[in-house]
Each structure stands twice: as structure tokens, then as C-alpha cells.
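Here is the structure we will look at.
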Amino acid sequence: QYVARYTAAANDFISRPVGKLGGVVERPGGDASNTGGTLGNLIADAQLAATAGAGAQIAFMNVFGMRSPHQIVPAADGSVTFGQLYSVQPFANTLVTQSLSGRELKELLEQGFDANQPIQFLSPSHGFTYSVDMSRAEGDRVVAMTFNGAPVDPARDYRVTTNSFLANGGDSFSVLLRQRDMVNGGT
């Protein structure tokens with residue numbers, strides 16, 4: 001009876017609508033994929049929006065931080081529930097915003113393609129794009145980066161948000177350990 005009471009209370013919480021989507025977002029290929037798809041981009045966009053007050057301009061989501069079912073399918077009216085969001089992001093990570101130069105941004109992205117981990121394309125928020133050529137030597141695989149349609153300036157600083165797992169060097173993204181001008185955000 002005790003467990004049933006809390007299960008019912010949790011069900012009310014997880015089934016409550018918390019937003020709307022215009023369609024399915026997913027990480028195609030699930031755990032076998034090293035890219036985040038539209039799900040990774042959605043999470044990065046949400047992180048960016050949540051840290052706008054810290055000056056965030058770019059956000060990244062690590063693809064191996066997204067969990068099964070690797071998709072969010074909205075109801076017929078477009079609504080999604082807290083439980084759907086929590087199923088793909090079941091962590092209590094906080095958001096960390098810090099300053100990275102364009103040169104450090106490239107170094108960060110290159111760490112997704114080095115020998116220290118499985119290949120991993122960080123999912124960017126809207127406004128940021130990058131291209132990779134895996135035939136190139138390690139450390140020189142990121143061949144282009146743009147922010148709001150303009151090439152990323154290696155000498156300019158950008159405000160970048162990630163989850164605390166990445167900011168603390170998770171998945172071997174050690175560039176984020178620098179935490180210059182760091183601001184902690186919510187979960």
C-alpha cells in the first residue's frame with residue numbers, strides 16, 4: 001500500500017503536460033549512434049534557453065547522455081509530458097555556462113574524435129554548426145565552424161553551456177575543465 005501510494009503520486013507528476021512539440025524528435029540508431037539527431041538538438045536548445053541569463057550563446061549535448069527510448073513522440077495535440085522528457089534525460093546534472101575562445105571550441109569538438117573515447121559528435125544548439133572530415137589526422141578533423149552564419153573567430157570568446165557531467169570533463173572532454181567565467185545554472 002505504501003509503494004502503491006507513491007507510485008500513484010509519481011504517475012500524476014510524470015503524466016502532466018509540460019510543453020508542446022510539432023513532431024517527433026529522436027536520436028536515430030539509439031545507443032549505437034554517435035550523433036544526437038533532432039533529440040540532441042532539442043536538448044541543446046533547451047539548455048541554451050535555460051542559461052540565456054548567464055549570457056549563453058551556444059549549448060552542446062553529449063549524445064551518450066541521452067537514454068532510451070531515444071525519442072519523444074508528442075500526443076495528437078503536440079503535448080509532451082514530464083515523464084517523456086525525464087525518460088531521455090534521467091539525470092540531476094546542472095547546467096554550466098563558461099567562456100571558450102573559438103580556438104577552444106575547435107579543441108573541444110576535436111576531443112569527440114580523438115583516441116580517448118568512442119567517436120562522439122556533440123549536438124549543438126541552433127545557430128551553431130560544424131563540419132568534420134574523419135579522413136584527416138586526429139586533432140584536425142573539424143574543418144568548419146559557424147555561429148549565426150559567420151565563421152567562428154578563433155580569438156573571440158563565446159559563452160557555452162553544457163551539462164555538469166561534460167563541464168567536469170565527462171566523456172574525456174577535458175577542455176571544459178577550464179571553466180573560465182563559469183556560472184552554474186539549474187538542473
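Numbering starts fresh at 1 for the residues of each chain in the C-alpha cells, the chains themselves are lettered A, B, ... in the order given, and ligands are numbered from 1 as they appear.
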Can you check which parts of segment 29-132 of chain A lie within 7 Å of segment 165-180 of chain A? Per residue, the shortest pair of atoms and distance in Å to one decimal, counting only C-alpha atoms, sorted by chain and number, as JSON lines.
{"residue": "A:Asn93", "atom": "CA", "partner": "A:Phe165", "partner_atom": "CA", "distance": 6.6}
{"residue": "A:Val96", "atom": "CA", "partner": "A:Ala167", "partner_atom": "CA", "distance": 6.5}
{"residue": "A:Gln98", "atom": "CA", "partner": "A:Gln179", "partner_atom": "CA", "distance": 5.5}
{"residue": "A:Ser99", "atom": "CA", "partner": "A:Arg180", "partner_atom": "CA", "distance": 5.5}
{"residue": "A:Leu108", "atom": "CA", "partner": "A:Val175", "partner_atom": "CA", "distance": 5.6}
{"residue": "A:Gln111", "atom": "CA", "partner": "A:Phe173", "partner_atom": "CA", "distance": 6.0}
{"residue": "A:Asn116", "atom": "CA", "partner": "A:Ser172", "partner_atom": "CA", "distance": 6.7}
{"residue": "A:Gln117", "atom": "CA", "partner": "A:Asp171", "partner_atom": "CA", "distance": 6.8}
Just write the chosen residues, N, CA and C atoms, as a PDB file, in the first residue's frame.
ATOM      1  N   ASN A  93      21.918  16.460 -13.493  1.00  0.00           N
ATOM      2  CA  ASN A  93      23.006  17.351 -13.868  1.00  0.00           C
ATOM      3  C   ASN A  93      22.536  18.798 -13.789  1.00  0.00           C
ATOM      4  N   VAL A  96      26.111  24.328 -16.812  1.00  0.00           N
ATOM      5  CA  VAL A  96      27.303  25.139 -16.570  1.00  0.00           C
ATOM      6  C   VAL A  96      27.567  25.961 -17.828  1.00  0.00           C
ATOM      7  N   GLN A  98      30.215  28.724 -19.521  1.00  0.00           N
ATOM      8  CA  GLN A  98      31.580  29.223 -19.395  1.00  0.00           C
ATOM      9  C   GLN A  98      32.021  29.864 -20.699  1.00  0.00           C
ATOM     10  N   SER A  99      33.114  30.583 -20.637  1.00  0.00           N
ATOM     11  CA  SER A  99      33.668  31.232 -21.829  1.00  0.00           C
ATOM     12  C   SER A  99      34.703  30.324 -22.470  1.00  0.00           C
ATOM     13  N   LEU A 108      37.593  21.574 -28.238  1.00  0.00           N
ATOM     14  CA  LEU A 108      36.531  20.804 -27.590  1.00  0.00           C
ATOM     15  C   LEU A 108      35.917  19.808 -28.563  1.00  0.00           C
ATOM     16  N   GLN A 111      37.965  16.801 -29.434  1.00  0.00           N
ATOM     17  CA  GLN A 111      38.050  15.749 -28.421  1.00  0.00           C
ATOM     18  C   GLN A 111      36.993  14.672 -28.627  1.00  0.00           C
ATOM     19  N   ASN A 116      40.725   8.857 -27.241  1.00  0.00           N
ATOM     20  CA  ASN A 116      40.414   8.662 -25.822  1.00  0.00           C
ATOM     21  C   ASN A 116      39.006   8.168 -25.547  1.00  0.00           C
ATOM     22  N   GLN A 117      38.181   8.056 -26.542  1.00  0.00           N
ATOM     23  CA  GLN A 117      36.787   7.681 -26.308  1.00  0.00           C
ATOM     24  C   GLN A 117      36.165   7.199 -27.610  1.00  0.00           C
TER      25      GLN A 117
END
Give me the residues within 6 Å of segment 24-37 of chain A as an mmCIF file with all heavy atoms, in the first residue's frame, counting only C-alpha atoms and dropping any in the same chain fewer than 5 places off.
data_model
loop_
_atom_site.group_PDB
_atom_site.id
_atom_site.type_symbol
_atom_site.label_atom_id
_atom_site.label_comp_id
_atom_site.auth_asym_id
_atom_site.auth_seq_id
_atom_site.Cartn_x
_atom_site.Cartn_y
_atom_site.Cartn_z
ATOM 1 N N VAL A 63 25.886 13.018 -26.801
ATOM 2 C CA VAL A 63 24.934 12.023 -27.308
ATOM 3 C C VAL A 63 24.810 10.811 -26.402
ATOM 4 O O VAL A 63 23.740 10.210 -26.339
ATOM 5 C CB VAL A 63 25.263 11.584 -28.753
ATOM 6 C CG1 VAL A 63 25.142 12.757 -29.695
ATOM 7 C CG2 VAL A 63 26.622 10.948 -28.860
ATOM 8 N N HIS A 70 15.118 7.114 -26.639
ATOM 9 C CA HIS A 70 15.823 7.878 -27.667
ATOM 10 C C HIS A 70 14.896 8.678 -28.575
ATOM 11 O O HIS A 70 15.257 9.021 -29.681
ATOM 12 C CB HIS A 70 16.738 6.989 -28.512
ATOM 13 C CG HIS A 70 17.721 6.223 -27.697
ATOM 14 N ND1 HIS A 70 18.752 6.825 -27.014
ATOM 15 C CD2 HIS A 70 17.821 4.911 -27.428
ATOM 16 C CE1 HIS A 70 19.442 5.919 -26.365
ATOM 17 N NE2 HIS A 70 18.908 4.746 -26.599
ATOM 18 N N GLN A 71 13.712 8.935 -28.088
ATOM 19 C CA GLN A 71 12.784 9.758 -28.853
ATOM 20 C C GLN A 71 11.700 10.310 -27.945
ATOM 21 O O GLN A 71 11.435 9.758 -26.877
ATOM 22 C CB GLN A 71 12.158 8.971 -29.995
ATOM 23 C CG GLN A 71 11.252 7.841 -29.548
ATOM 24 C CD GLN A 71 10.599 7.141 -30.728
ATOM 25 O OE1 GLN A 71 10.473 7.701 -31.809
ATOM 26 N NE2 GLN A 71 10.174 5.903 -30.521
ATOM 27 N N ILE A 72 11.105 11.401 -28.395
ATOM 28 C CA ILE A 72 9.927 11.962 -27.736
ATOM 29 C C ILE A 72 8.861 12.086 -28.815
ATOM 30 O O ILE A 72 9.056 12.763 -29.827
ATOM 31 C CB ILE A 72 10.218 13.336 -27.102
ATOM 32 C CG1 ILE A 72 11.327 13.212 -26.047
ATOM 33 C CG2 ILE A 72 8.949 13.912 -26.483
ATOM 34 C CD1 ILE A 72 11.787 14.544 -25.478
ATOM 35 N N VAL A 73 7.755 11.388 -28.596
ATOM 36 C CA VAL A 73 6.640 11.398 -29.538
ATOM 37 C C VAL A 73 5.503 12.170 -28.881
ATOM 38 O O VAL A 73 4.938 11.715 -27.879
ATOM 39 C CB VAL A 73 6.179 9.959 -29.877
ATOM 40 C CG1 VAL A 73 5.008 9.991 -30.852
ATOM 41 C CG2 VAL A 73 7.333 9.137 -30.431
ATOM 42 N N GLN A 120 32.275 10.770 -30.941
ATOM 43 C CA GLN A 120 31.053 11.383 -30.440
ATOM 44 C C GLN A 120 30.898 12.801 -30.995
ATOM 45 O O GLN A 120 31.722 13.666 -30.748
ATOM 46 C CB GLN A 120 31.072 11.451 -28.905
ATOM 47 C CG GLN A 120 29.862 12.079 -28.321
ATOM 48 C CD GLN A 120 29.795 12.044 -26.797
ATOM 49 O OE1 GLN A 120 28.811 12.470 -26.256
ATOM 50 N NE2 GLN A 120 30.794 11.540 -26.109
ATOM 51 N N PHE A 121 29.838 13.007 -31.747
ATOM 52 C CA PHE A 121 29.503 14.325 -32.273
ATOM 53 C C PHE A 121 28.657 15.040 -31.224
ATOM 54 O O PHE A 121 27.530 14.620 -30.966
ATOM 55 C CB PHE A 121 28.695 14.206 -33.566
ATOM 56 C CG PHE A 121 29.472 13.674 -34.734
ATOM 57 C CD1 PHE A 121 29.709 12.309 -34.869
ATOM 58 C CD2 PHE A 121 29.960 14.538 -35.702
ATOM 59 C CE1 PHE A 121 30.411 11.804 -35.953
ATOM 60 C CE2 PHE A 121 30.675 14.043 -36.795
ATOM 61 C CZ PHE A 121 30.898 12.677 -36.915
ATOM 62 N N SER A 123 26.013 17.437 -29.895
ATOM 63 C CA SER A 123 24.843 18.039 -30.537
ATOM 64 C C SER A 123 24.792 19.516 -30.184
ATOM 65 O O SER A 123 24.723 19.869 -29.012
ATOM 66 C CB SER A 123 23.560 17.364 -30.051
ATOM 67 O OG SER A 123 23.508 16.036 -30.494
#
Rank nothing, just name the residue among A:Pro154, A:Gly139, A:Gly23, A:Gly127 nearest to Pro74 of chain A, using only C-alpha atoms.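 Going through A:Pro154, A:Gly139, A:Gly23, A:Gly127 one by one, the smallest distance to Pro74 of chain A is for A:Gly23.
You can rank A:Ala75, A:Val80, A:Leu109, A:Ala56 by their closest distance to Tyr158 of chain A using only C-alpha atoms, and at the top of that list sits A:Ala56.
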Which of A:Thr81, A:Gln89, A:Thr94, A:Asn41 sits closest to Val183 of chain A [using only C-alpha atoms]: A:Thr94
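Among A:Thr146, A:Asn163, A:Asp157, A:Gly83, the residue with the shortest atom-to-atom distance to Val18 of chain A, counting only C-alpha atoms, is A:Gly83.
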Pull the strand (DSSP E or B) assignments for segment 3-178 of chain A out of DSSP run on the backbone, and list those residues as JSON, numbers by chain. {"A": [17, 18, 19, 20, 25, 26, 58, 59, 60, 61, 71, 72, 79, 80, 81, 95, 96, 97, 98, 99, 100, 101, 123, 124, 128, 129, 130, 131, 132, 142, 143, 144, 145, 146, 147, 150, 151, 157, 158, 159, 160, 161, 162, 163]}
If you run DSSP on this backbone, which residues of segment 72-128 of chain A come out as alpha helix (DSSP H), and could you give them as a PyMOL selection string? chain A and resi 82-88+102-110
Saved selection, atoms kept: C-alpha atoms, as a PDB file, in the first residue's frame:
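Ended up saving to part-v2.pdb:
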ATOM      1  CA  PHE A  82       7.459  15.425 -17.833  1.00  0.00           C
ATOM      2  CA  GLY A  83       7.847  11.643 -17.900  1.00  0.00           C
ATOM      3  CA  GLN A  84       8.739  11.682 -21.600  1.00  0.00           C
ATOM      4  CA  LEU A  85      11.407  14.325 -21.034  1.00  0.00           C
ATOM      5  CA  TYR A  86      12.756  12.553 -17.966  1.00  0.00           C
ATOM      6  CA  SER A  87      12.982   9.216 -19.773  1.00  0.00           C
ATOM      7  CA  VAL A  88      15.585  10.602 -22.200  1.00  0.00           C
ATOM      8  CA  GLY A 102      36.863  29.931 -30.921  1.00  0.00           C
ATOM      9  CA  ARG A 103      40.171  28.063 -30.737  1.00  0.00           C
ATOM     10  CA  GLU A 104      38.982  26.265 -27.583  1.00  0.00           C
ATOM     11  CA  LEU A 105      35.652  25.457 -29.249  1.00  0.00           C
ATOM     12  CA  LYS A 106      37.528  23.672 -32.018  1.00  0.00           C
ATOM     13  CA  GLU A 107      39.697  21.874 -29.453  1.00  0.00           C
ATOM     14  CA  LEU A 108      36.531  20.804 -27.590  1.00  0.00           C
ATOM     15  CA  LEU A 109      34.890  19.395 -30.701  1.00  0.00           C
ATOM     16  CA  GLU A 110      38.122  17.644 -31.735  1.00  0.00           C
TER      17      GLU A 110
END
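Taking only C-alpha atoms into account, Val152 of chain A lies nearest to A:Ile58 out of the set A:Pro118, A:Met182, A:Ile58, A:Ser164.
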Could you jot down the atom CA of Arg5 of chain A to atom CA of Arg67 of chain A separation for me, Å, one decimal place? 27.1 Å
